[in-house]
Amino acid sequence: MGFDYHLPKEKIAQSPAIPRDSCKLLVLNGERIEHRKFSEIIHYVKEGDAIVLNNSKVMKVRLFGRKETGGKIEILIVGKRENEYEALIKGKIREGTKFYINEYEGEVVRRENGKCIIQLPLEMEEIEKIGNMPTPPYIKREVEKDEWYQTVYAKHAGSIAAPTAGLHFTEELLEKIKRKGVQIVFVTLHVGLATFLPPERMKNEREYYHISEEAAEIINSANNVIAVGTTTVKALESSSKNGRVVASSGWSNLFIEPGYKFQSPIRGMLTNFHMPNSSPLLLTSAFAGKERIMKAYEEALKMDYRFLSFGDVMLILKQY
């Protein structure tokens, strides 16, 4: 696809920066690249601006159990349909396979579009009580604290992964930004499989989003709008036309790649450094331009930035 680059394993962050806002910030300001600490993002916003955050909360839907035959099984719940769940399963399984999560018996009903449809006699709230926080497979170290993989403003449960660009904010930094006269606005997009699938497959997956009347009004009246993360961009673009956001809820399978014409009023974007050839990298390149993004990634690798979910972050300021 032409969006490949070499990402050495040692550049993939295995744990977050502590405190959160001490990570590196690469600012792509026109053609200029600046190197900052994330806490210095406050210097790039001013009174009358709006920062838009995705307040979706990661669910504890990673389950460990055993098959009827005694073998281990790992299940990631990715969706619900009436009496059944959609899941990704590690380990050899077939239709009719019975398994046990603690004392609860489940069954693999069928395979469907790369997923398994399972029956499990538990409600989602019960699953979360016994489940574990899902983390990407490239994070090899055990995550010591669940809150590491949750934004400080997470509110509405529904994601199978964190909207990671927002992991860098602390409550104190958000308060400082507010005191500067910047509006903090929340929208919701529950991160699902679509965020992780290759572009050719993600169009078949939908993610739920919600934008309130109040949020739309604030965004539309702001001087400059900075969207935090590709999921926030997707939510806004799924509900915008001709530079204005419309309050709505629904399921989006929007796929953004270079050549896409942006409809929302965003003028800036905060985003982590993404996998080669990934859908989030294509979205980022659509917003900033492929050449600028690839140049920024090259600079970030040279300057020892940390990549992916627990890594450092980039602020892209759109050229006028």
# chains A, B, ... in the order shown; residues from 1 in each chain; ligands from 1
>>> select_by_dssp(residues="segment 95-225 of chain A", states="strand (DSSP E or B)", output="ChimeraX atom specification")
/A:98-101,104-112,115-119,132,156-159,183-189,207-211,225
>>> residues_around(residues="segment 229-231 of chain A", least_positions_apart="3", cutoff="8 Å", atoms="only C-alpha atoms", output="PyMOL selection string")
chain A and resi 53-54+163-166+189+191+195+234-235+269-272+280+283-284
>>> write_last_selection(atoms="N, CA and C atoms", output="short mmCIF file (atom, residue, chain, number, x, y, z; two decimals), in the first residue's frame")
data_model
loop_
_atom_site.label_atom_id
_atom_site.label_comp_id
_atom_site.auth_asym_id
_atom_site.auth_seq_id
_atom_site.Cartn_x
_atom_site.Cartn_y
_atom_site.Cartn_z
N LEU A 53 -12.47 14.89 23.04
CA LEU A 53 -11.96 13.63 23.59
C LEU A 53 -13.01 12.52 23.46
N ASN A 54 -12.54 11.31 23.26
CA ASN A 54 -13.42 10.13 23.22
C ASN A 54 -13.48 9.53 24.62
N PRO A 163 -8.79 4.32 23.54
CA PRO A 163 -8.48 5.38 22.59
C PRO A 163 -7.17 6.03 23.04
N THR A 164 -6.07 5.49 22.55
CA THR A 164 -4.76 5.68 23.20
C THR A 164 -4.20 7.10 23.16
N ALA A 165 -4.61 7.92 22.21
CA ALA A 165 -4.08 9.30 22.17
C ALA A 165 -4.46 10.06 23.44
N GLY A 166 -5.57 9.66 24.05
CA GLY A 166 -6.02 10.33 25.27
C GLY A 166 -5.35 9.85 26.54
N LEU A 189 -16.96 7.04 20.95
CA LEU A 189 -16.89 6.02 19.91
C LEU A 189 -16.29 4.78 20.56
N VAL A 191 -14.40 1.63 20.66
CA VAL A 191 -13.37 1.05 19.80
C VAL A 191 -13.62 -0.45 19.65
N THR A 195 -10.93 -0.79 14.19
CA THR A 195 -9.73 0.03 14.41
C THR A 195 -8.45 -0.75 14.14
N LYS A 234 -12.99 9.80 13.64
CA LYS A 234 -14.00 8.96 12.98
C LYS A 234 -15.40 9.32 13.45
N ALA A 235 -15.56 9.55 14.76
CA ALA A 235 -16.87 9.92 15.29
C ALA A 235 -17.34 11.24 14.68
N MET A 269 -5.02 17.58 15.20
CA MET A 269 -5.26 16.19 15.58
C MET A 269 -4.11 15.70 16.45
N LEU A 270 -4.45 15.06 17.55
CA LEU A 270 -3.47 14.45 18.43
C LEU A 270 -3.54 12.94 18.23
N THR A 271 -2.41 12.32 17.97
CA THR A 271 -2.45 10.89 17.66
C THR A 271 -1.13 10.21 18.02
N ASN A 272 -1.21 8.95 18.42
CA ASN A 272 0.00 8.17 18.69
C ASN A 272 0.67 7.78 17.36
N PRO A 280 -5.30 3.29 11.10
CA PRO A 280 -5.06 4.59 11.74
C PRO A 280 -3.96 5.40 11.06
N LEU A 283 -5.56 7.03 8.04
CA LEU A 283 -6.40 8.16 8.45
C LEU A 283 -5.53 9.37 8.77
N THR A 284 -4.46 9.14 9.53
CA THR A 284 -3.54 10.23 9.90
C THR A 284 -2.93 10.87 8.66
#
>>> select_by_dssp(residues="segment 48-279 of chain A", states="helix (DSSP H, G or I)", output="VMD selection string")
chain A and resid 124 to 130 146 to 149 164 to 168 171 to 179 193 to 195 199 to 202 213 to 221 230 to 237 279
>>> residues_around(residues="Tyr209 of chain A", least_positions_apart="5", cutoff="12 Å", atoms="only C-alpha atoms", output="VMD selection string")
chain A and resid 54 to 56 156 158 to 159 186 to 192 231 to 239 247 to 254
>>> closest_residue(among="A:Val246, A:Asn113, A:Ile293, A:Lys180", to="His210 of chain A", atoms="only C-alpha atoms")
A:Val246
>>> decode(residues="segment 43-92 of chain A", atoms="N, CA and C atoms", output="short mmCIF file (atom, residue, chain, number, x, y, z; two decimals), in the first residue's frame")
data_model
loop_
_atom_site.label_atom_id
_atom_site.label_comp_id
_atom_site.auth_asym_id
_atom_site.auth_seq_id
_atom_site.Cartn_x
_atom_site.Cartn_y
_atom_site.Cartn_z
N HIS A 43 0.67 25.08 25.30
CA HIS A 43 1.17 26.24 24.55
C HIS A 43 0.59 26.29 23.12
N TYR A 44 -0.08 25.23 22.71
CA TYR A 44 -0.59 25.17 21.33
C TYR A 44 -2.11 25.36 21.26
N VAL A 45 -2.72 25.69 22.39
CA VAL A 45 -4.16 25.99 22.40
C VAL A 45 -4.36 27.35 23.03
N LYS A 46 -5.47 27.98 22.67
CA LYS A 46 -5.76 29.31 23.23
C LYS A 46 -7.25 29.45 23.52
N GLU A 47 -7.58 30.52 24.19
CA GLU A 47 -8.97 30.79 24.55
C GLU A 47 -9.87 30.73 23.31
N GLY A 48 -10.99 30.05 23.46
CA GLY A 48 -11.92 29.92 22.34
C GLY A 48 -11.76 28.64 21.54
N ASP A 49 -10.66 27.90 21.79
CA ASP A 49 -10.44 26.62 21.12
C ASP A 49 -11.23 25.51 21.83
N ALA A 50 -11.31 24.36 21.18
CA ALA A 50 -11.95 23.19 21.78
C ALA A 50 -11.09 21.96 21.54
N ILE A 51 -10.95 21.16 22.60
CA ILE A 51 -10.28 19.86 22.48
C ILE A 51 -11.36 18.80 22.63
N VAL A 52 -11.45 17.89 21.65
CA VAL A 52 -12.50 16.87 21.65
C VAL A 52 -11.90 15.52 22.01
N LEU A 53 -12.47 14.89 23.04
CA LEU A 53 -11.96 13.63 23.59
C LEU A 53 -13.01 12.52 23.46
N ASN A 54 -12.54 11.31 23.26
CA ASN A 54 -13.42 10.13 23.22
C ASN A 54 -13.48 9.53 24.62
N ASN A 55 -14.66 9.58 25.26
CA ASN A 55 -14.77 9.12 26.65
C ASN A 55 -15.22 7.67 26.77
N SER A 56 -15.01 6.88 25.73
CA SER A 56 -15.33 5.46 25.82
C SER A 56 -14.41 4.76 26.83
N LYS A 57 -14.96 3.78 27.51
CA LYS A 57 -14.22 3.05 28.55
C LYS A 57 -13.93 1.62 28.09
N VAL A 58 -12.71 1.16 28.33
CA VAL A 58 -12.33 -0.20 27.95
C VAL A 58 -12.98 -1.20 28.89
N MET A 59 -13.59 -2.22 28.31
CA MET A 59 -14.24 -3.27 29.11
C MET A 59 -13.25 -4.40 29.40
N LYS A 60 -13.44 -5.05 30.53
CA LYS A 60 -12.61 -6.21 30.88
C LYS A 60 -13.25 -7.45 30.27
N VAL A 61 -12.93 -7.70 29.01
CA VAL A 61 -13.61 -8.77 28.28
C VAL A 61 -12.65 -9.83 27.75
N ARG A 62 -11.48 -9.90 28.35
CA ARG A 62 -10.52 -10.95 27.99
C ARG A 62 -10.65 -12.05 29.02
N LEU A 63 -11.02 -13.24 28.56
CA LEU A 63 -11.32 -14.36 29.47
C LEU A 63 -10.34 -15.50 29.26
N PHE A 64 -9.91 -16.09 30.36
CA PHE A 64 -9.03 -17.26 30.31
C PHE A 64 -9.79 -18.46 30.88
N GLY A 65 -9.72 -19.57 30.17
CA GLY A 65 -10.43 -20.75 30.66
C GLY A 65 -9.80 -22.01 30.11
N ARG A 66 -10.60 -23.08 30.09
CA ARG A 66 -10.11 -24.37 29.58
C ARG A 66 -11.20 -25.03 28.74
N LYS A 67 -10.75 -25.81 27.79
CA LYS A 67 -11.69 -26.56 26.97
C LYS A 67 -12.10 -27.83 27.71
N GLU A 68 -13.15 -28.46 27.23
CA GLU A 68 -13.65 -29.71 27.82
C GLU A 68 -12.55 -30.76 27.83
N THR A 69 -11.66 -30.67 26.84
CA THR A 69 -10.56 -31.64 26.74
C THR A 69 -9.42 -31.32 27.70
N GLY A 70 -9.47 -30.14 28.35
CA GLY A 70 -8.43 -29.76 29.31
C GLY A 70 -7.46 -28.71 28.80
N GLY A 71 -7.45 -28.46 27.48
CA GLY A 71 -6.54 -27.47 26.92
C GLY A 71 -6.93 -26.04 27.28
N LYS A 72 -5.95 -25.15 27.30
CA LYS A 72 -6.22 -23.75 27.64
C LYS A 72 -6.93 -23.04 26.49
N ILE A 73 -7.69 -22.02 26.86
CA ILE A 73 -8.39 -21.22 25.86
C ILE A 73 -8.40 -19.77 26.31
N GLU A 74 -8.22 -18.85 25.37
CA GLU A 74 -8.28 -17.42 25.67
C GLU A 74 -9.32 -16.79 24.74
N ILE A 75 -10.27 -16.08 25.33
CA ILE A 75 -11.40 -15.54 24.58
C ILE A 75 -11.44 -14.02 24.75
N LEU A 76 -11.62 -13.31 23.64
CA LEU A 76 -11.85 -11.87 23.69
C LEU A 76 -13.25 -11.60 23.16
N ILE A 77 -14.12 -11.12 24.03
CA ILE A 77 -15.48 -10.79 23.62
C ILE A 77 -15.45 -9.47 22.85
N VAL A 78 -15.98 -9.47 21.63
CA VAL A 78 -15.92 -8.25 20.81
C VAL A 78 -17.30 -7.72 20.44
N GLY A 79 -18.36 -8.42 20.84
CA GLY A 79 -19.71 -7.94 20.54
C GLY A 79 -20.76 -8.84 21.14
N LYS A 80 -22.00 -8.36 21.16
CA LYS A 80 -23.10 -9.13 21.74
C LYS A 80 -24.28 -9.14 20.78
N ARG A 81 -24.93 -10.30 20.67
CA ARG A 81 -26.15 -10.42 19.87
C ARG A 81 -27.15 -11.26 20.66
N GLU A 82 -28.15 -10.66 21.17
CA GLU A 82 -29.21 -11.33 21.93
C GLU A 82 -28.60 -12.34 22.91
N ASN A 83 -28.73 -13.64 22.64
CA ASN A 83 -28.24 -14.67 23.59
C ASN A 83 -26.83 -15.14 23.29
N GLU A 84 -26.16 -14.50 22.35
CA GLU A 84 -24.83 -14.96 21.94
C GLU A 84 -23.83 -13.81 21.97
N TYR A 85 -22.54 -14.18 22.00
CA TYR A 85 -21.46 -13.19 21.95
C TYR A 85 -20.60 -13.44 20.71
N GLU A 86 -20.07 -12.36 20.15
CA GLU A 86 -19.05 -12.46 19.11
C GLU A 86 -17.70 -12.46 19.83
N ALA A 87 -16.79 -13.32 19.41
CA ALA A 87 -15.52 -13.44 20.12
C ALA A 87 -14.39 -13.81 19.18
N LEU A 88 -13.18 -13.45 19.61
CA LEU A 88 -11.96 -13.96 19.00
C LEU A 88 -11.38 -14.96 19.98
N ILE A 89 -10.96 -16.11 19.49
CA ILE A 89 -10.49 -17.17 20.39
C ILE A 89 -9.10 -17.62 19.99
N LYS A 90 -8.21 -17.68 20.99
CA LYS A 90 -6.87 -18.23 20.78
C LYS A 90 -6.92 -19.72 21.11
N GLY A 91 -6.28 -20.52 20.31
CA GLY A 91 -6.28 -21.96 20.56
C GLY A 91 -7.14 -22.68 19.52
N LYS A 92 -6.91 -23.96 19.38
CA LYS A 92 -7.65 -24.74 18.39
C LYS A 92 -9.07 -24.99 18.89
#
